[in-house]
$ cat target39.cif   # mmCIF, C-alpha atoms and all ligand atoms
data_input
#
loop_
_atom_site.label_atom_id
_atom_site.label_comp_id
_atom_site.auth_asym_id
_atom_site.auth_seq_id
_atom_site.Cartn_x
_atom_site.Cartn_y
_atom_site.Cartn_z
CA MET A 1 -10.65 -96.74 -110.19
CA ASN A 2 -9.34 -97.50 -106.66
CA MET A 3 -12.22 -97.94 -104.20
CA THR A 4 -12.09 -98.40 -100.46
CA SER A 5 -13.77 -101.37 -98.77
CA GLU A 6 -16.78 -99.08 -98.13
CA GLY A 7 -17.23 -98.53 -101.87
CA LEU A 8 -15.79 -95.03 -101.78
CA ALA A 9 -13.36 -93.60 -104.28
CA SER A 10 -9.93 -93.57 -102.60
CA GLU A 11 -9.14 -90.48 -100.57
CA GLY A 12 -6.77 -89.19 -103.24
CA LEU A 13 -9.43 -89.78 -105.96
CA ASP A 14 -6.95 -92.03 -107.84
CA GLY A 15 -8.34 -92.97 -111.22
CA VAL A 16 -11.58 -90.98 -110.76
CA VAL A 17 -12.62 -89.19 -113.96
CA ALA A 18 -13.84 -85.81 -112.70
CA ALA A 19 -13.87 -83.77 -115.91
CA VAL A 20 -14.27 -84.17 -119.63
CA THR A 21 -11.69 -82.16 -121.54
CA ASN A 22 -10.33 -81.74 -125.02
CA LEU A 23 -7.23 -79.97 -123.75
CA SER A 24 -4.73 -82.64 -122.72
CA GLN A 25 -4.37 -86.34 -122.09
CA VAL A 26 -1.84 -87.94 -119.72
CA ASP A 27 -1.17 -91.59 -120.54
CA GLY A 28 0.45 -92.84 -117.36
CA GLN A 29 1.19 -96.31 -118.69
CA ALA A 30 2.87 -95.22 -121.90
CA GLY A 31 4.51 -92.10 -120.45
CA ARG A 32 2.86 -89.89 -123.06
CA LEU A 33 1.43 -86.37 -122.81
CA ILE A 34 -0.80 -85.16 -125.64
CA VAL A 35 -1.97 -81.55 -125.77
CA ARG A 36 -4.77 -80.89 -128.24
CA GLY A 37 -3.71 -83.73 -130.50
CA ARG A 38 0.05 -83.15 -130.38
CA ASP A 39 2.78 -84.87 -128.40
CA ILE A 40 4.54 -82.66 -125.89
CA GLU A 41 7.91 -83.47 -127.47
CA GLU A 42 6.76 -81.88 -130.74
CA LEU A 43 5.29 -78.79 -129.04
CA ALA A 44 8.29 -78.21 -126.79
CA GLY A 45 10.64 -78.14 -129.77
CA THR A 46 8.66 -75.72 -131.93
CA PHE A 47 6.19 -73.64 -129.89
CA ASP A 48 6.67 -70.55 -127.77
CA PHE A 49 4.33 -69.31 -125.02
CA ALA A 50 2.05 -67.38 -127.40
CA ASP A 51 1.78 -70.37 -129.77
CA MET A 52 0.82 -72.54 -126.83
CA ALA A 53 -1.76 -69.97 -125.69
CA ALA A 54 -3.29 -69.97 -129.17
CA LEU A 55 -3.44 -73.78 -129.11
CA LEU A 56 -4.99 -74.03 -125.65
CA TRP A 57 -7.42 -71.11 -125.93
CA ALA A 58 -8.64 -71.94 -129.47
CA GLY A 59 -12.43 -72.27 -129.47
CA LEU A 60 -12.64 -71.43 -125.75
CA ALA A 61 -11.49 -67.84 -125.25
CA PRO A 62 -13.57 -65.28 -127.06
CA PRO A 63 -12.72 -63.63 -129.40
CA PHE A 64 -10.53 -66.05 -131.38
CA ALA A 65 -6.96 -64.76 -131.73
CA ASP A 66 -3.97 -66.29 -133.48
CA ALA A 67 -0.52 -66.55 -131.89
CA ALA A 68 0.69 -63.24 -133.38
CA ALA A 69 -2.31 -61.36 -131.94
CA ILE A 70 -1.89 -63.10 -128.58
CA ARG A 71 1.82 -62.18 -128.53
CA ARG A 72 0.84 -58.50 -129.01
CA ASP A 73 -1.96 -58.71 -126.44
CA LEU A 74 0.37 -60.29 -123.88
CA GLY A 75 2.90 -57.49 -124.45
CA SER A 76 0.37 -54.74 -123.78
CA ALA A 77 -1.13 -56.70 -120.87
CA ARG A 78 2.34 -56.86 -119.25
CA LEU A 79 2.41 -53.06 -119.36
CA ARG A 80 -1.02 -52.94 -117.73
CA ALA A 81 0.08 -55.44 -115.07
CA ALA A 82 3.14 -53.30 -114.31
CA GLY A 83 0.69 -50.49 -113.49
CA MET A 84 -0.41 -52.55 -110.47
CA LEU A 85 3.08 -52.71 -108.96
CA PRO A 86 2.79 -49.51 -106.85
CA GLN A 87 -0.18 -51.18 -105.15
CA LEU A 88 1.36 -54.65 -104.89
CA LEU A 89 4.95 -54.08 -103.82
CA PRO A 90 4.34 -52.27 -100.50
CA ALA A 91 1.65 -54.83 -99.57
CA ALA A 92 3.94 -57.77 -100.37
CA ARG A 93 6.88 -56.73 -98.18
CA GLY A 94 7.88 -59.61 -95.93
CA LEU A 95 6.02 -62.22 -97.99
CA SER A 96 7.79 -65.00 -99.86
CA PRO A 97 7.75 -64.58 -103.67
CA ILE A 98 4.94 -67.13 -104.12
CA GLU A 99 2.88 -65.47 -101.38
CA GLY A 100 3.55 -62.13 -103.05
CA LEU A 101 2.33 -63.50 -106.38
CA ARG A 102 -0.78 -64.83 -104.69
CA ALA A 103 -1.43 -61.37 -103.26
CA GLY A 104 -0.74 -59.76 -106.63
CA LEU A 105 -3.18 -61.87 -108.62
CA SER A 106 -5.80 -61.24 -105.95
CA LEU A 107 -5.66 -57.53 -106.76
CA PHE A 108 -7.49 -58.14 -110.03
CA SER A 109 -11.25 -58.04 -110.13
CA ASP A 110 -13.27 -60.99 -111.43
CA ARG A 111 -15.27 -58.43 -113.40
CA ASN A 112 -12.41 -57.26 -115.63
CA GLY A 113 -9.33 -59.43 -114.92
CA ASP A 114 -9.15 -61.63 -117.99
CA HIS A 115 -7.04 -64.63 -119.01
CA VAL A 116 -4.52 -62.54 -120.98
CA LEU A 117 -3.96 -60.13 -118.10
CA LEU A 118 -3.49 -62.99 -115.63
CA CYS A 119 -0.94 -64.71 -117.89
CA ALA A 120 0.90 -61.41 -118.41
CA ALA A 121 0.87 -60.52 -114.73
CA VAL A 122 2.67 -63.64 -113.53
CA PRO A 123 6.11 -62.75 -115.01
CA VAL A 124 5.70 -59.03 -114.27
CA PHE A 125 4.82 -59.58 -110.61
CA THR A 126 7.37 -62.37 -110.12
CA ALA A 127 10.27 -60.30 -111.43
CA ALA A 128 9.27 -57.20 -109.45
CA LEU A 129 8.72 -59.17 -106.22
CA TRP A 130 12.10 -60.81 -106.59
CA ARG A 131 13.83 -57.50 -107.20
CA GLN A 132 12.06 -55.91 -104.25
CA GLY A 133 13.47 -58.71 -102.07
CA GLN A 134 16.94 -57.78 -103.39
CA GLY A 135 16.32 -54.11 -102.54
CA LYS A 136 16.03 -53.16 -106.22
CA PRO A 137 13.30 -51.27 -108.12
CA PRO A 138 11.24 -53.05 -110.81
CA ILE A 139 12.35 -53.04 -114.45
CA ALA A 140 9.58 -52.05 -116.87
CA PRO A 141 8.30 -54.70 -119.28
CA ASN A 142 8.97 -54.40 -123.01
CA ALA A 143 5.81 -55.17 -124.96
CA ASP A 144 7.84 -56.22 -128.03
CA ASN A 145 9.55 -59.10 -126.24
CA GLY A 146 8.27 -62.66 -126.03
CA GLN A 147 6.90 -63.72 -122.66
CA GLY A 148 9.99 -65.70 -121.51
CA GLU A 149 12.50 -63.16 -122.82
CA ASP A 150 10.67 -60.29 -121.15
CA PHE A 151 10.58 -62.12 -117.83
CA LEU A 152 14.38 -62.53 -117.92
CA ALA A 153 14.76 -58.89 -118.99
CA MET A 154 12.63 -57.74 -116.03
CA LEU A 155 14.66 -59.85 -113.60
CA THR A 156 18.12 -58.34 -114.00
CA GLU A 157 19.85 -55.48 -115.82
CA ASP A 158 22.15 -58.00 -117.56
CA PRO A 159 21.50 -58.54 -121.27
CA VAL A 160 19.23 -61.51 -121.86
CA ASP A 161 20.97 -64.61 -123.17
CA GLU A 162 19.08 -65.80 -126.27
CA GLY A 163 19.63 -69.47 -125.47
CA ALA A 164 18.32 -69.00 -121.94
CA ALA A 165 15.21 -67.18 -123.24
CA ARG A 166 14.53 -70.00 -125.73
CA ALA A 167 15.05 -72.61 -123.02
CA LEU A 168 12.61 -70.80 -120.74
CA GLU A 169 9.98 -70.70 -123.52
CA THR A 170 10.46 -74.46 -123.98
CA TYR A 171 9.97 -74.96 -120.25
CA LEU A 172 6.79 -72.83 -120.21
CA VAL A 173 5.34 -74.81 -123.13
CA THR A 174 6.31 -78.14 -121.53
CA VAL A 175 4.44 -77.45 -118.29
CA ALA A 176 1.49 -75.49 -119.72
CA ASP A 177 -1.10 -78.23 -119.30
CA HIS A 178 -1.21 -81.70 -117.80
CA GLY A 179 -4.64 -83.24 -117.39
CA LEU A 180 -6.47 -82.93 -114.10
CA ASN A 181 -3.51 -82.23 -111.82
CA ALA A 182 -4.23 -80.82 -108.35
CA SER A 183 -4.05 -77.14 -109.30
CA THR A 184 -6.08 -77.54 -112.50
CA PHE A 185 -8.72 -79.52 -110.63
CA THR A 186 -8.83 -76.73 -108.05
CA ALA A 187 -9.28 -74.17 -110.83
CA ARG A 188 -12.15 -76.20 -112.30
CA VAL A 189 -13.89 -76.61 -108.92
CA VAL A 190 -13.80 -72.86 -108.31
CA ALA A 191 -14.82 -72.10 -111.91
CA SER A 192 -17.76 -74.48 -111.53
CA THR A 193 -19.20 -72.24 -108.82
CA GLN A 194 -19.12 -69.32 -111.32
CA ALA A 195 -16.74 -67.42 -109.02
CA GLY A 196 -14.84 -66.01 -112.00
CA MET A 197 -11.50 -66.36 -113.79
CA VAL A 198 -9.36 -64.46 -111.27
CA SER A 199 -10.71 -66.34 -108.26
CA ALA A 200 -10.19 -69.69 -109.99
CA VAL A 201 -6.59 -68.84 -110.95
CA VAL A 202 -5.73 -67.61 -107.45
CA ALA A 203 -7.10 -70.85 -105.99
CA ALA A 204 -5.08 -72.89 -108.49
CA LEU A 205 -1.91 -71.04 -107.52
CA CYS A 206 -2.54 -71.92 -103.87
CA ALA A 207 -2.74 -75.62 -104.82
CA LEU A 208 0.41 -75.39 -106.92
CA LYS A 209 2.44 -74.01 -104.01
CA GLY A 210 2.72 -77.29 -102.06
CA PRO A 211 5.81 -79.52 -102.27
CA LEU A 212 3.77 -82.51 -103.46
CA HIS A 213 2.82 -80.52 -106.57
CA GLY A 214 4.67 -77.43 -107.80
CA GLY A 215 6.86 -76.76 -104.79
CA ALA A 216 9.28 -79.63 -105.45
CA PRO A 217 11.98 -78.24 -107.80
CA GLY A 218 13.57 -75.81 -105.30
CA PRO A 219 14.05 -78.68 -102.81
CA VAL A 220 15.55 -80.80 -105.65
CA LEU A 221 18.45 -78.34 -105.83
CA ASP A 222 18.70 -78.30 -102.03
CA MET A 223 19.00 -82.09 -102.26
CA LEU A 224 21.82 -81.88 -104.83
CA ASP A 225 23.59 -79.28 -102.66
CA GLU A 226 23.33 -81.51 -99.60
CA ILE A 227 24.63 -84.54 -101.51
CA GLY A 228 27.54 -82.45 -102.80
CA ASP A 229 29.38 -85.03 -104.92
CA LEU A 230 29.08 -88.59 -106.16
CA ASP A 231 30.44 -90.04 -102.88
CA GLY A 232 27.69 -88.26 -101.00
CA VAL A 233 24.79 -90.02 -102.76
CA ARG A 234 24.66 -93.25 -100.71
CA PRO A 235 24.90 -91.76 -97.20
CA TRP A 236 22.38 -89.05 -98.09
CA LEU A 237 19.88 -91.60 -99.42
CA ASP A 238 20.27 -93.74 -96.29
CA ARG A 239 19.56 -90.70 -94.10
CA GLN A 240 16.49 -89.71 -96.13
CA PHE A 241 14.90 -93.14 -95.99
CA ALA A 242 15.75 -93.51 -92.30
CA ALA A 243 13.91 -90.22 -91.69
CA GLY A 244 10.95 -91.36 -93.84
CA GLU A 245 11.38 -88.40 -96.19
CA ARG A 246 10.01 -88.37 -99.74
CA LEU A 247 12.53 -87.74 -102.49
CA MET A 248 11.61 -84.62 -104.41
CA GLY A 249 11.35 -85.04 -108.18
CA PHE A 250 10.35 -88.73 -108.03
CA GLY A 251 7.02 -90.54 -108.08
CA HIS A 252 3.76 -89.50 -109.69
CA ARG A 253 0.09 -90.17 -109.18
CA VAL A 254 -0.53 -91.01 -112.84
CA TYR A 255 2.74 -92.04 -114.48
CA ARG A 256 3.77 -95.65 -114.04
CA THR A 257 6.83 -94.94 -116.14
CA ARG A 258 9.05 -91.98 -116.80
CA ASP A 259 7.33 -88.60 -117.08
CA PRO A 260 7.92 -87.58 -120.74
CA ARG A 261 8.48 -83.98 -119.65
CA ALA A 262 11.55 -85.07 -117.67
CA ASP A 263 13.36 -85.97 -120.89
CA VAL A 264 12.24 -82.82 -122.69
CA LEU A 265 13.70 -80.75 -119.85
CA LYS A 266 16.82 -82.89 -119.60
CA GLY A 267 17.38 -81.99 -123.28
CA VAL A 268 16.98 -78.31 -122.34
CA VAL A 269 19.65 -78.65 -119.64
CA GLU A 270 22.02 -80.42 -122.01
CA GLY A 271 21.54 -77.63 -124.56
CA LEU A 272 22.50 -75.08 -121.91
CA ARG A 273 25.55 -76.84 -120.48
CA GLY A 274 27.49 -74.16 -118.66
CA GLY A 275 28.65 -72.86 -115.29
CA GLY A 276 25.66 -73.83 -113.15
CA ASN A 277 25.09 -77.14 -114.89
CA ARG A 278 25.47 -80.16 -112.68
CA ILE A 279 24.04 -82.80 -114.93
CA ALA A 280 26.66 -85.47 -114.13
CA LEU A 281 25.84 -85.36 -110.43
CA ALA A 282 22.13 -85.21 -111.20
CA GLU A 283 22.30 -88.30 -113.43
CA ALA A 284 24.19 -90.26 -110.75
CA VAL A 285 21.72 -89.19 -108.06
CA GLU A 286 18.79 -90.06 -110.33
CA ALA A 287 20.17 -93.55 -111.08
CA ALA A 288 20.83 -94.25 -107.37
CA ILE A 289 17.38 -93.04 -106.32
CA LEU A 290 15.59 -95.03 -109.03
CA ALA A 291 17.44 -98.20 -108.03
CA GLU A 292 16.57 -97.63 -104.38
CA LEU A 293 12.89 -96.88 -105.10
CA ALA A 294 12.62 -100.00 -107.29
CA GLU A 295 13.97 -102.11 -104.46
CA ARG A 296 11.75 -100.55 -101.78
CA TYR A 297 8.58 -100.47 -103.88
CA PRO A 298 8.74 -103.50 -106.19
CA ASP A 299 4.98 -103.37 -106.84
CA ARG A 300 4.70 -99.63 -107.39
CA ARG A 301 6.89 -98.16 -110.10
CA LEU A 302 8.23 -94.78 -108.96
CA ASP A 303 10.14 -92.91 -111.63
CA THR A 304 11.57 -89.47 -112.33
CA ASN A 305 8.92 -86.75 -112.60
CA VAL A 306 9.01 -83.37 -114.31
CA GLU A 307 10.35 -81.54 -111.27
CA PHE A 308 13.77 -83.19 -111.15
CA TYR A 309 14.96 -81.79 -114.49
CA THR A 310 12.85 -78.66 -114.05
CA ALA A 311 15.20 -77.77 -111.21
CA LEU A 312 18.27 -78.21 -113.39
CA ALA A 313 16.71 -76.48 -116.39
CA LEU A 314 15.59 -73.42 -114.44
CA GLU A 315 18.94 -73.21 -112.68
CA ALA A 316 20.72 -73.36 -116.05
CA VAL A 317 18.40 -70.60 -117.33
CA GLY A 318 19.70 -68.52 -114.42
CA LEU A 319 16.66 -68.39 -112.15
CA PRO A 320 17.06 -68.39 -108.37
CA ARG A 321 15.49 -71.48 -106.81
CA GLU A 322 13.04 -69.34 -104.81
CA LEU A 323 11.35 -68.54 -108.13
CA PHE A 324 11.00 -72.09 -109.48
CA THR A 325 7.39 -72.56 -108.37
CA LEU A 326 6.53 -69.15 -109.77
CA ALA A 327 8.11 -70.13 -113.10
CA PHE A 328 5.90 -73.22 -113.05
CA ALA A 329 2.88 -70.95 -112.48
CA MET A 330 4.04 -68.80 -115.42
CA GLY A 331 3.55 -71.79 -117.73
CA ARG A 332 0.65 -73.57 -116.02
CA VAL A 333 -1.51 -70.43 -115.87
CA LEU A 334 -2.19 -71.12 -119.56
CA GLY A 335 -3.67 -74.52 -118.78
CA TRP A 336 -5.62 -73.16 -115.82
CA THR A 337 -7.26 -70.44 -117.90
CA ALA A 338 -8.15 -72.88 -120.70
CA HIS A 339 -9.66 -75.35 -118.22
CA ILE A 340 -11.60 -72.54 -116.54
CA PHE A 341 -13.16 -71.58 -119.90
CA GLU A 342 -13.95 -75.21 -120.58
CA GLN A 343 -15.49 -75.72 -117.13
CA GLU A 344 -17.52 -72.51 -117.37
CA GLN A 345 -18.91 -73.73 -120.67
CA SER A 346 -19.95 -77.10 -119.24
CA GLY A 347 -21.88 -75.24 -116.55
CA ARG A 348 -22.07 -78.07 -114.03
CA LEU A 349 -21.22 -77.42 -110.36
CA ILE A 350 -18.54 -79.83 -109.07
CA ARG A 351 -19.84 -81.08 -105.77
CA PRO A 352 -18.83 -84.60 -104.70
CA ALA A 353 -20.08 -86.30 -101.52
CA SER A 354 -18.41 -87.34 -98.29
CA ARG A 355 -19.25 -90.10 -95.86
CA TYR A 356 -19.81 -88.98 -92.27
CA THR A 357 -18.04 -91.09 -89.63
CA GLY A 358 -18.52 -88.78 -86.61
CA PRO A 359 -20.92 -89.20 -83.67
CA LEU A 360 -24.70 -88.75 -84.00
CA PRO A 361 -26.90 -86.65 -81.70
CA GLU A 362 -28.19 -89.00 -78.99
CA GLY A 363 -31.27 -90.97 -79.94
CA ARG A 364 -31.20 -89.88 -83.57
CA ILE A 365 -30.71 -92.18 -86.52
CA LEU A 366 -28.61 -91.02 -89.43
CA ALA A 367 -31.01 -90.52 -92.30
CA THR A 368 -28.55 -89.91 -95.09
CA VAL A 369 -25.23 -91.52 -95.80
CA ALA A 370 -23.55 -88.89 -97.86
CA GLY A 371 -23.64 -85.11 -97.72
N1 LIG B 1 10.09 -90.70 -102.33
C1 LIG B 1 9.94 -91.72 -101.48
N2 LIG B 1 8.83 -92.49 -101.42
C2 LIG B 1 7.84 -92.18 -102.27
C3 LIG B 1 7.93 -91.15 -103.21
C4 LIG B 1 9.11 -90.39 -103.23
N3 LIG B 1 9.28 -89.36 -104.07
N4 LIG B 1 6.80 -91.10 -103.92
C5 LIG B 1 6.00 -92.05 -103.45
N5 LIG B 1 6.62 -92.72 -102.45
C6 LIG B 1 6.10 -93.82 -101.68
C7 LIG B 1 4.91 -93.35 -100.85
O1 LIG B 1 5.32 -92.84 -99.60
C8 LIG B 1 4.11 -94.62 -100.73
O2 LIG B 1 4.69 -95.40 -99.72
P1 LIG B 1 3.80 -96.20 -98.64
O3 LIG B 1 2.95 -97.11 -99.50
O4 LIG B 1 4.82 -96.87 -97.82
O5 LIG B 1 2.99 -95.14 -97.95
C9 LIG B 1 4.37 -95.33 -102.06
O6 LIG B 1 5.60 -94.79 -102.56
C10 LIG B 1 3.30 -95.13 -103.10
O7 LIG B 1 3.06 -93.73 -103.25
P2 LIG B 1 2.14 -93.20 -104.43
O8 LIG B 1 0.75 -93.72 -104.23
O9 LIG B 1 2.80 -93.52 -105.73
O10 LIG B 1 2.18 -91.65 -104.20
P3 LIG B 1 1.03 -90.57 -104.49
O11 LIG B 1 0.39 -90.84 -105.78
O12 LIG B 1 0.16 -90.43 -103.30
O13 LIG B 1 1.90 -89.25 -104.54
C11 LIG B 1 3.54 -87.74 -105.32
C12 LIG B 1 2.48 -88.76 -105.75
C13 LIG B 1 2.91 -86.72 -104.41
C14 LIG B 1 4.05 -87.04 -106.55
C15 LIG B 1 4.67 -88.49 -104.59
O14 LIG B 1 5.30 -89.40 -105.47
C16 LIG B 1 5.69 -87.54 -103.99
O15 LIG B 1 5.50 -87.07 -102.88
N6 LIG B 1 6.79 -87.22 -104.72
C17 LIG B 1 7.76 -86.28 -104.22
C18 LIG B 1 7.30 -84.85 -104.44
C19 LIG B 1 7.33 -84.45 -105.89
O16 LIG B 1 8.24 -84.80 -106.64
N7 LIG B 1 6.30 -83.67 -106.29
C20 LIG B 1 6.15 -83.21 -107.67
C21 LIG B 1 5.17 -84.07 -108.41
S1 LIG B 1 5.07 -83.67 -110.11
C22 LIG B 1 4.01 -82.35 -110.17
O17 LIG B 1 3.10 -82.21 -109.41
C23 LIG B 1 4.27 -81.31 -111.17
#
$ encode --input "target39.cif" --output "structure tokens"
Amino acid sequence: MNMTSEGLASEGLDGVVAAVTNLSQVDGQAGRLIVRGRDIEELAGTFDFADMAALLWAGLAPPFADAAAIRRDLGSARLRAAGMLPQLLPAARGLSPIEGLRAGLSLFSDRNGDHVLLCAAVPVFTAALWRQGQGKPPIAPNADNGQGEDFLAMLTEDPVDEGAARALETYLVTVADHGLNASTFTARVVASTQAGMVSAVVAALCALKGPLHGGAPGPVLDMLDEIGDLDGVRPWLDRQFAAGERLMGFGHRVYRTRDPRADVLKGVVEGLRGGGNRIALAEAVEAAILAELAERYPDRRLDTNVEFYTALALEAVGLPRELFTLAFAMGRVLGWTAHIFEQEQSGRLIRPASRYTGPLPEGRILATVAG
């Protein structure tokens, strides 16, 4: 664990173990992600969203349900979530899609908003919010569809491309859980106060929104647009470093090597090669950025993280970049809900300490160090 000279955990809590979990393990040295005993590469190739829900919720979410039952429950929960749209859409006018989703999830009550409804609501609300921004009415969910397919079907009137739906399911599985990342930690902190499932998920979504966590993939595409072509890479990089900007899609708190999810998603992009696919430019940009980061930070390995190829995968699936963070939430909500169950079962309030460095009332001696 990194400690400051005063014996404190570092401000970013690097290396601090703040939860015990049997959900997922991130091995930052080996570049390996294990979810409930299975490597992410295996899960991404074979599981869909409902399979992943069954894996993550097993033994935590009462009553036990297998993937087929969860698939059915998610379908009917999407219909229930769509019933909230008349309340949500007028209230969300003028908000960005992620702010609209935050407002939407807040409409549920902690008393009866359960994990299945929350997972179902994310695609329903996202699609309807996006369409409202385009001046279009919502498209009703189809309870018989899989989660990813139904999201694409609710987004546009165009027939859903099977390959794109499969690719989206792979993406949702790939990002479903990832140790104690910032949003999952947030969810566990809120759950530890016994605030309830809905409150904990809303809080997690707020943490996901930031560009240092789930807000990076949209800006990755902005970066590729700005660079334009292979000749544009060098001058763009020089400008970014001169301005002290971080490069979106690179670096990670835990990985000291390549994020394994980057390669899973690169495979998704390659499988979807088509009109919007700019993998050649992306590979050249990636190579140039990695070389530059290695030179600038010889003692701190900074590599490609999940968000770089997320951007390309979601673009190839046909999603607008404004919805990338919401697509991340669509997958990660599974991990949040599983961690919330786990935290609620452990029953221990998460309440670390801080060290006061401000002034003292005159003449008084500080009696305690931490509070
Ligand atoms: N571009 C340029 N410099 C970087 C980058 C980057 N992407 N990442 C880290 N650095 C620099 C830091 O500024 C720091 O420099 P300094 O010592 O001169 O201050 C040095 O490398 C070490 O930084 P770390 O300790 O490795 O960074 P930290 O663990 O605090 O942050 C983070 C991790 C937030 C992911 C960071 O790498 C970053 O900002 N990346 C870009 C945003 C991004 O891709 N976010 C998505 C992350 S994946 C996810 O959450 C799903």
$ residues_around --input "target39.cif" --residues "A:Arg300" --least-positions-apart "5" --cutoff "12 Å" --atoms "all atoms listed in the file" --output "list in words"
Gly251, His252, Arg253, Val254, Tyr255, Arg256, Thr257, Leu290, Leu293, Ala294 and Glu295 of chain A
$ write_last_selection --input "target39.cif" --atoms "C-alpha atoms" --output "mmCIF file, keeping the file's coordinate frame"
data_model
loop_
_atom_site.group_PDB
_atom_site.id
_atom_site.type_symbol
_atom_site.label_atom_id
_atom_site.label_comp_id
_atom_site.auth_asym_id
_atom_site.auth_seq_id
_atom_site.Cartn_x
_atom_site.Cartn_y
_atom_site.Cartn_z
ATOM 1 C CA GLY A 251 7.020 -90.540 -108.080
ATOM 2 C CA HIS A 252 3.760 -89.500 -109.690
ATOM 3 C CA ARG A 253 0.090 -90.170 -109.180
ATOM 4 C CA VAL A 254 -0.530 -91.010 -112.840
ATOM 5 C CA TYR A 255 2.740 -92.040 -114.480
ATOM 6 C CA ARG A 256 3.770 -95.650 -114.040
ATOM 7 C CA THR A 257 6.830 -94.940 -116.140
ATOM 8 C CA LEU A 290 15.590 -95.030 -109.030
ATOM 9 C CA LEU A 293 12.890 -96.880 -105.100
ATOM 10 C CA ALA A 294 12.620 -100.000 -107.290
ATOM 11 C CA GLU A 295 13.970 -102.110 -104.460
#
$ residues_near_ligand --input "target39.cif" --ligand "ligand LIG 1 (chain B)" --cutoff "7 Å" --atoms "only C-alpha atoms and all ligand atoms" --output "JSON, numbers by chain"
{"A": [211, 212, 213, 214, 216, 245, 246, 247, 248, 249, 250, 251, 252, 253, 293, 297, 300, 302, 305, 306, 307]}
$ residues_around --input "target39.cif" --residues "stretch 311-326 of chain A" --least-positions-apart "6" --cutoff "7 Å" --atoms "only C-alpha atoms" --output "list in words"
Pro97, Ile98, Thr126, Ala164, Ala167, Leu168, Lys209, Gly214, Gly215, Pro217, Gly218, Val220, Leu221, Leu265, Val268, Val269, Leu272, Gly276 and Asn277 of chain A
$ write_last_selection --input "target39.cif" --atoms "C-alpha atoms" --output "short mmCIF file (atom, residue, chain, number, x, y, z; two decimals), in the coordinates of the input"
data_model
loop_
_atom_site.label_atom_id
_atom_site.label_comp_id
_atom_site.auth_asym_id
_atom_site.auth_seq_id
_atom_site.Cartn_x
_atom_site.Cartn_y
_atom_site.Cartn_z
CA PRO A 97 7.75 -64.58 -103.67
CA ILE A 98 4.94 -67.13 -104.12
CA THR A 126 7.37 -62.37 -110.12
CA ALA A 164 18.32 -69.00 -121.94
CA ALA A 167 15.05 -72.61 -123.02
CA LEU A 168 12.61 -70.80 -120.74
CA LYS A 209 2.44 -74.01 -104.01
CA GLY A 214 4.67 -77.43 -107.80
CA GLY A 215 6.86 -76.76 -104.79
CA PRO A 217 11.98 -78.24 -107.80
CA GLY A 218 13.57 -75.81 -105.30
CA VAL A 220 15.55 -80.80 -105.65
CA LEU A 221 18.45 -78.34 -105.83
CA LEU A 265 13.70 -80.75 -119.85
CA VAL A 268 16.98 -78.31 -122.34
CA VAL A 269 19.65 -78.65 -119.64
CA LEU A 272 22.50 -75.08 -121.91
CA GLY A 276 25.66 -73.83 -113.15
CA ASN A 277 25.09 -77.14 -114.89
#
$ closest_residue --input "target39.cif" --among "A:Arg188, A:Asp114, A:Ile279, A:Gly358" --to "A:Ala18" --atoms "only C-alpha atoms"
A:Arg188
$ atom_distance --input "target39.cif" --atom1 "atom CA of A:Asp110" --atom2 "atom CA of A:Thr184"
18.1 Å
$ residues_around --input "target39.cif" --residues "stretch 75-89 of chain A" --least-positions-apart "4" --cutoff "6 Å" --atoms "only C-alpha atoms" --output "ChimeraX atom specification"
/A:104,117,120-121,143
$ residues_near_point --input "target39.cif" --point "(19.5, -93.3, -104.8)" --cutoff "9 Å" --atoms "only C-alpha atoms" --output "list in words"
Val233, Arg234, Trp236, Leu237, Asp238, Ala284, Val285, Glu286, Ala287, Ala288, Ile289, Leu290, Ala291, Glu292 and Leu293 of chain A
$ residues_around --input "target39.cif" --residues "A:Thr337" --least-positions-apart "5" --cutoff "12 Å" --atoms "all atoms listed in the file" --output "PyMOL selection string"
chain A and resi 23+53-54+56-58+60-61+113-119+176-177+183-188+190-191+196-205+329-332+342-344
$ atom_distance --input "target39.cif" --atom1 "atom CA of A:Val26" --atom2 "atom CA of A:His178"
6.6 Å
$ residues_around --input "target39.cif" --residues "A:Ala103" --least-positions-apart "3" --cutoff "8 Å" --atoms "only C-alpha atoms" --output "list of chain:residue names"
A:Leu88, A:Ala92, A:Glu99, A:Gly100, A:Ser106, A:Leu107
$ closest_residue --input "target39.cif" --among "A:Phe125, A:Arg348, A:Ala182, A:Thr310" --to "A:Pro219" --atoms "only C-alpha atoms"
A:Thr310
$ atom_distance --input "target39.cif" --atom1 "atom CA of A:Val160" --atom2 "atom CA of A:Arg102"
26.6 Å
$ closest_residue --input "target39.cif" --among "A:Val17, A:Leu281, A:Ser192, A:Val173" --to "A:Glu226" --atoms "all atoms listed in the file"
A:Leu281
$ axis_aligned_box --input "target39.cif" --around "stretch 163-174 of chain A" --padding-each-side "5 Å" --output "lines of an AutoDock Vina configuration file"
center_x = 12.5
center_y = -72.7
center_z = -123.0
size_x = 24.3
size_y = 21.0
size_z = 15.5
$ closest_residue --input "target39.cif" --among "A:Arg278, A:Arg258, A:Arg351, A:Arg93" --to "A:Ala30" --atoms "all atoms listed in the file"
A:Arg258
$ closest_residue --input "target39.cif" --among "A:Asp14, A:Asp229, A:Glu169, A:Asp158" --to "A:Asp48" --atoms "all atoms listed in the file"
A:Glu169
